[in-house]
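K.L.:
Just passing along the structure, written as structure tokens.
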Amino acid sequence: MRAAVRTGWRIGAAAALRGRTGRPLSQAAEEGGGAEGGGGGSGSREAVERLVREHPVVVFMKGSPAQPLCGFSNAVVQILRLHGVEDYRAHDVLQDPDLRQGIKNYSNWPTIPQVYLNGEFVGGCDILLQMHQNGDLVEELKKLGIRSALLDAEKDQEKK
């Protein structure tokens, strides 16, 4: 598995920065609706619920996937890249203080980043890292119909 992780880090950065549409993820996140007005404000429970459920993989972070603004947000982006997860929604909580507090209230989790899979709160950087290390993330992605790129990297290593 360590070889697969090392191989995973070598996945092309340009490909990792693009969603399936070929648009940069930061652009897809902005177009996909960052914090929206209406419905009680961007930090309201209803608004946060919409954002959490808008896509199978949603990340609330500081900065964007192309330019994370904290080490923990960067780590989450890197873990997703390792697994080849390119199509996800990212919301920059630094752009909207109401959303930043609203997501903390919604999850009852005090820190950012926060990761949601299929509308369910997974955790922050530490939890995602643990899931990556013990293989649980591969299984959770499989439930979403996403094949982890690490599985392909492992196959390539076995062929050598």
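If you're wondering about the labels, chains in the structure tokens are A, B, ... by order shown, residues count from 1 in each chain, ligands from 1 in order shown.
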How would you write, as a PyMOL selection string, the set of residues in stretch 29-139 of chain A that DSSP gives as alpha helix (DSSP H)?
P.N.:
chain A and resi 29-31+45-53+71-82+97-107+125-134+136-139
K.L.:
Leaving out A:Ser148 and any residue of its chain fewer than 3 positions from it, which residues lie within 9 Å of it when counting only C-alpha atoms, given as an MDAnalysis selection string?
P.N.:
chainID A and resid 82:85 137:139 141:142 151:152
K.L.:
What is the distance between atom CA of A:Val76 and atom CA of A:Ile127, in Å to one decimal?
P.N.:
9.8 Å
K.L.:
Just to confirm, what's the straight-line distance from atom CA of A:Gln95 to atom CA of A:Leu129 in Å (one decimal)?
P.N.:
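That distance, rounded to one decimal, is 25.4 Å.
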K.L.:
Between A:Glu49, A:Asp92, A:Glu54, A:Asp87, which has the minimum distance to A:Leu69 (counting only C-alpha atoms)?
P.N.:
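Selected residue with least distance to A:Leu69: A:Asp92.
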K.L.:
Go ahead and compute the interatomic distance for atom CA of A:Tyr88 and atom CA of A:Gly41, in Å to one decimal.
P.N.:
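Atom CA of A:Gly41 lies 22.8 Å from atom CA of A:Tyr88.
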K.L.:
Using only C-alpha atoms, can you tell me which of A:Phe60, A:Asn134, A:Glu46, A:Val52 comes closest to A:Arg100?
P.N.:
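Nearest candidate to A:Arg100 out of A:Phe60, A:Asn134, A:Glu46, A:Val52: A:Phe60.
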K.L.:
Compile the contact shell of A:Asn118 as an MDAnalysis selection string: residues with an atom at most 7 Å away, counting only C-alpha atoms, same-chain residues fewer than 2 positions apart removed.
P.N.:
chainID A and resid 53 56:57 116 120
